[in-house]
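Student: Dropping the structure in here first, questions after.
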Amino acid sequence: MIPPGAPILTADAMRAAEEAAFARGISQDELMERAGAAVAREAVRFAMGRPVLVLAGPGNNGGDAYVVARHLRQAGLDVLVAASGAPRHGAAERMHARWEGPTTSLYGAPVRSVLIDGLFGTGVTRPLERSIAAVFAELVRGADFTLAIDLPSGMDTDSGAELGAPRGIDATIALGALKPAHVLDDGLSRCGHVLLADIGIPVETGWYSVCRPALEMPGPQSHKYSRGLVAIVEGAMPGAGRLAARAAMAGGAGYVMLVGQTPVGPAPDALVCRAIDDADDLADFLAGDRIDAVVLGPGLGRDRRAESFLRASLAVDKPMVLDGDALSLLGTGAAASLAAREAPVWITPHAGEFDRMFGGAGSKIDRTLEAAAASGATVVHKGGDTVIAGPDGSVRVLTGASPWLSTAGTGDVLAGILGAQVGQGSSGVDAAAAAVWLHGRAAQLAGPAFFADQLVAELPEAIGECL
Ligand SMILES: NC(=O)C1=CN([C@@H]2O[C@H](COP(=O)(O)OP(=O)(O)OC[C@H]3O[C@@H](n4cnc5c(N)ncnc54)[C@H](OP(=O)(O)O)[C@@H]3O)[C@@H](O)[C@H]2O)[C@@H](O)CC1
Ligand SMILES: [K+]
């Protein structure tokens, strides 16, 4: 669980924001006092009178820890600080000097019911020494409740990679902004519940956690065309195309057409089916004035016909969502093929498809941003953490989606919902974030062990929550 609609900053961006705060006349001491007070406010609630052990490291995370310890002691709690090395300069040293309670060494520290982790935050540059990691893990295991200041100690801020942080931390209070480690699966799995404390640092960023979208009701003058005509191109596995089409219909599109071979099997009566078997005819059809968005890829197949349909569609100057087989067909040439297009395009790869198309190194956010920059597409990099990146550098991240989404057809549903958003005129990362939110919410509403068709059935209720 992460706070929705919250800014996300890398360690460098956080330091730059901190400098901007200093330039506005906020002192380092003031920021540290605010950070410590914000953490203490939550900690006192969780502690409920139990004895507290506060771990304090040598940097500013440790400085925050001394402030927390002071506030908790003032609140009447029994507080012991365990230090891994006293801060030697700046605000952290001054906060250390203001601590008047008992202090022990980290290595001799007793297990206590409540543990506050202020060993390291965004300044971790290398894996924790084994001895520190072992003592820390032992104290977390023995505590009833552990709260981390800013980040669990021993975690790479920008990727969430584990550098010694143990499992079992119950909650983490992010200071000033979320960091990538709070929203990417690797890091989040060690953070517990993530809370965000606004400590008055001005934050400017284009990176945010996904929040519930604000959607508009159709107006009195709305008609089927004004609400978006979405064409879904189906192929070898017609069920996938039908699923995407039904998701686009339930996702709010005014008119949905299923284009390709005459569909076999059940389709809703409101779904208009158009048999087209030739790539040139497909291009002519998709180029028609009425069509607002094209979805291509779910169940398309990877044969020659599929390939010719993909090439013909790419040449059409219409907003387009590419998923599934379309992504496999694009393969390593994806960036070049997509960059040649004028009209906006969204691609929705899972990890395997993404790696085959773009590869790359670094955090999931970095790799998704690079793919968006190279292809000019809005990239929806799916997974337990879904990272959306636009070619303008915007990022949205949704974490904590239902693990039950890992079932066949849910990707087709997402492609259809996104098609509906695009068809209704939503653009860029906002269209993708709205689709991903609706998809995730429909999964929550569907409960456990659903199958993809049931997601579609929950979409109207999810949309109702956004009006
Ligand atoms: N930015 C903001 O807006 C605000 C930030 N605030 C707080 O500041 C925190 C960042 O503080 P920070 O930069 O001092 O880094 P921090 O995480 O305390 O660690 C650095 C120390 O650890 C050391 N060290 C590093 N790795 C190590 C390892 N593996 N094993 C052992 N030692 C290691 C490193 O030493 P060195 O690398 O030189 O050996 C250095 O001494 C941030 O998370 C937040 O809590 C708030 O107070 C207010 C607003
Ligand atoms: K910490």
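In the structure tokens, chains take letters A, B, ... by order of appearance, with residues numbered from 1 within each chain and ligands from 1 in the order shown.
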Excluding same-chain residues fewer than 4 positions from segment 334-336 of chain A, what lies within 8 Å of it counting only C-alpha atoms, as an mmCIF file with N, CA and C atoms, in the first residue's frame?
Tutor:
```cif
data_model
loop_
_atom_site.group_PDB
_atom_site.id
_atom_site.type_symbol
_atom_site.label_atom_id
_atom_site.label_comp_id
_atom_site.auth_asym_id
_atom_site.auth_seq_id
_atom_site.Cartn_x
_atom_site.Cartn_y
_atom_site.Cartn_z
ATOM 1 N N LEU A 327 3.427 -6.683 -29.840
ATOM 2 C CA LEU A 327 4.720 -6.354 -29.230
ATOM 3 C C LEU A 327 5.757 -7.420 -29.583
ATOM 4 N N LEU A 330 6.881 -6.768 -33.075
ATOM 5 C CA LEU A 330 7.788 -5.613 -33.177
ATOM 6 C C LEU A 330 9.191 -6.000 -32.728
ATOM 7 N N ALA A 340 8.871 6.106 -35.822
ATOM 8 C CA ALA A 340 8.562 6.628 -37.155
ATOM 9 C C ALA A 340 7.121 7.149 -37.241
ATOM 10 N N MET A 357 11.991 -6.376 -26.274
ATOM 11 C CA MET A 357 11.948 -5.185 -27.135
ATOM 12 C C MET A 357 13.069 -4.198 -26.826
ATOM 13 N N PHE A 358 13.334 -3.991 -25.526
ATOM 14 C CA PHE A 358 14.217 -2.879 -25.171
ATOM 15 C C PHE A 358 15.432 -3.279 -24.349
ATOM 16 N N ALA A 371 12.932 3.470 -22.737
ATOM 17 C CA ALA A 371 12.126 2.887 -23.811
ATOM 18 C C ALA A 371 11.160 3.925 -24.377
ATOM 19 N N ALA A 374 13.132 6.395 -26.512
ATOM 20 C CA ALA A 374 13.617 5.830 -27.774
ATOM 21 C C ALA A 374 12.485 5.579 -28.763
ATOM 22 N N SER A 375 11.303 5.238 -28.263
ATOM 23 C CA SER A 375 10.203 4.850 -29.153
ATOM 24 C C SER A 375 9.206 5.976 -29.397
ATOM 25 N N GLY A 376 9.220 6.990 -28.520
ATOM 26 C CA GLY A 376 8.214 8.049 -28.612
ATOM 27 C C GLY A 376 6.851 7.578 -28.116
#
```
Student: Please identify the residues whose atoms come within 10 Å of ligand 2, using only C-alpha atoms and all ligand atoms, and report them as a PyMOL selection string.
Tutor: chain A and resi 55-57+60-62+64-65+116-124+147-155+165+172-174
Student: Of the candidates A:Arg126, A:Gly90, A:Pro349, A:Glu19, which one gets nearest to ligand 1 if we count only C-alpha atoms and all ligand atoms?
Tutor: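 That would be A:Arg126, the residue with the smallest distance to ligand 1.
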Student: Taking only segment 284-432 of chain A into account, list the residues labelled strand (DSSP E or B) by DSSP (computed from the backbone), as a PyMOL selection string.
Tutor: chain A and resi 293-296+320-322+345-347+378-381+385-389+395-399
Student: Just the selected residues (C-alpha atoms), exported as a short mmCIF file (atom, residue, chain, number, x, y, z; two decimals), in the first residue's frame, please.
Tutor:
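File written: again15.cif
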```cif
data_model
loop_
_atom_site.label_atom_id
_atom_site.label_comp_id
_atom_site.auth_asym_id
_atom_site.auth_seq_id
_atom_site.Cartn_x
_atom_site.Cartn_y
_atom_site.Cartn_z
CA ALA A 293 -8.50 4.83 -31.32
CA VAL A 294 -7.17 1.47 -32.48
CA VAL A 295 -6.25 -1.49 -30.25
CA LEU A 296 -4.09 -4.12 -31.87
CA MET A 320 -3.06 3.31 -31.14
CA VAL A 321 -2.69 0.83 -28.27
CA LEU A 322 -0.34 -2.07 -28.99
CA VAL A 345 0.99 5.20 -29.36
CA TRP A 346 0.76 3.29 -26.09
CA ILE A 347 2.46 -0.06 -25.58
CA THR A 378 3.87 5.91 -23.73
CA VAL A 379 5.15 2.68 -22.19
CA VAL A 380 3.04 0.75 -19.69
CA HIS A 381 5.58 -1.68 -18.21
CA ASP A 385 4.60 -2.74 -9.95
CA THR A 386 3.35 -1.15 -13.16
CA VAL A 387 5.60 1.67 -14.35
CA ILE A 388 4.19 4.07 -16.94
CA ALA A 389 6.60 6.42 -18.69
CA VAL A 395 6.26 8.72 -14.83
CA ARG A 396 3.33 7.11 -13.01
CA VAL A 397 3.69 4.00 -10.84
CA LEU A 398 0.97 1.71 -9.51
CA THR A 399 2.01 -0.82 -6.89
#
```
Student: List the spatial neighbours of segment 250-262 of chain A as a list of chain:residue names - criterion: any atom at most 7 Å away, only C-alpha atoms, same-chain residues fewer than 4 positions off excluded.
Tutor: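 Contacts, with the query itself left out: A:Lys224, A:Tyr225, A:Arg227, A:Gly228, A:Leu229, A:Val230, A:Ala231, A:Ile232, A:Val233, A:Glu234, A:Gly235, A:Ala245, A:Arg246, A:Leu271, A:Val272, A:Cys273, A:Arg274, A:Ala275, A:Ile276, A:Asp277, A:Ile417, A:Ala420, A:Gly423, A:Gln424, A:Val456, A:Leu459, A:Pro460.
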